[in-house]
Amino acid sequence: MNHLASVPTDPPAEGGGSGGAHLAELLKRSSRGDEAAFAEWYDATASRAFGLAVRVLRDRAQAEEVVQEVYLDCWRSSARFDDTRGSAISWLLTIVHRKSVDRVRSAEAASRRDTTYTQQEQTVDHDSTAESATASLEASRVRAALDHLTIKQRQAIELAFLGGYTHTEVATMLDLPVGTTKTRIRDGLIRLRDALGVGEVAQA
C-alpha cells in the first residue's frame, strides 16, 4: 500500500469530503478490505494525525514514523471502529495520541537507563579510586612500620614477604643459618605488628 509510505510534511487544509459520516463509511469499507476507501480515508485524515503527533513528539521524523504505524494499525483494526462510541477522526486521533505518548515514554525510559548506567559507572570508578587510595595508605603505613625494624630484620622480612622467597632461600641469600633467618623474621614480625597497632601479623 504505497499511500502509507510517507506522511505529508506540511499538513494541508482538510477538503470538503471529510465529513464525519463519510469518514465512518470509508472506515467500514476499509474493514472489508477496500484499499481505495482506506486510501481516501488516509488522504482525508493524515494531516490531522501528523499535526497531533508533531505536537506531542516535537520531532517531525518521529512523528512520521508514529503516524505510519498508526495507519497500519488502523488498516488491520478498522473492523473494531464503532461509530456509536465516537467519530472516525476521534478514533484515529486517540490512537495517534496513545502511540505518540508511548514513544515519548519509551525515549524517557531509555534516557533514564542511560543516566543510571552512567551513574553506576561513575560509582564504580569512585569505588576503584577509593580502594586504590586505601591500598596506598596501607602501603605507606607498612613502609613506615618497617622503619621501626633493625636493618637485619627488615632485610629478612622484605625478602620473605615482599620478595616472596622461602625461609631457606632467604637464609641462602643472607648467608645465614635457616634457624637464624627464621628468628629474624619472627622478631621482625613482632615489632612490625606493634608498629602497625594490630593484634597479629601472620607468620610466613
# chains A, B, ... in the order shown; residues from 1 in each chain; ligands from 1

call {"tool": "residues_around", "arguments": {"residues": "Met173 of chain A", "least_positions_apart": "5", "cutoff": "12 Å", "atoms": "only C-alpha atoms", "output": "PyMOL selection string"}}
result
chain A and resi 155-156+159-160+163+165-168+178+181

call {"tool": "residues_around", "arguments": {"residues": "Ile89 of chain A", "least_positions_apart": "6", "cutoff": "8 Å", "atoms": "only C-alpha atoms", "output": "PDB file with C-alpha atoms, in the first residue's frame"}}
result
ATOM      1  CA  GLY A  20     -17.851  12.572   9.929  1.00  0.00           C
ATOM      2  CA  LEU A  23     -15.156   9.083   7.166  1.00  0.00           C
ATOM      3  CA  THR A  45      -7.179  12.484   7.831  1.00  0.00           C
TER       4      THR A  45
END

call {"tool": "atom_distance", "arguments": {"atom1": "atom CA of Arg191 of chain A", "atom2": "atom CA of Ala145 of chain A"}}
result
8.4 Å

call {"tool": "residues_around", "arguments": {"residues": "segment 49-59 of chain A", "least_positions_apart": "5", "cutoff": "7 Å", "atoms": "only C-alpha atoms", "output": "PyMOL selection string"}}
result
chain A and resi 64+67+93+96-97+100-101+104

call {"tool": "closest_residue", "arguments": {"among": "A:Thr183, A:Ala171, A:Ala79, A:Gly188", "to": "Gln153 of chain A", "atoms": "only C-alpha atoms"}}
result
A:Gly188
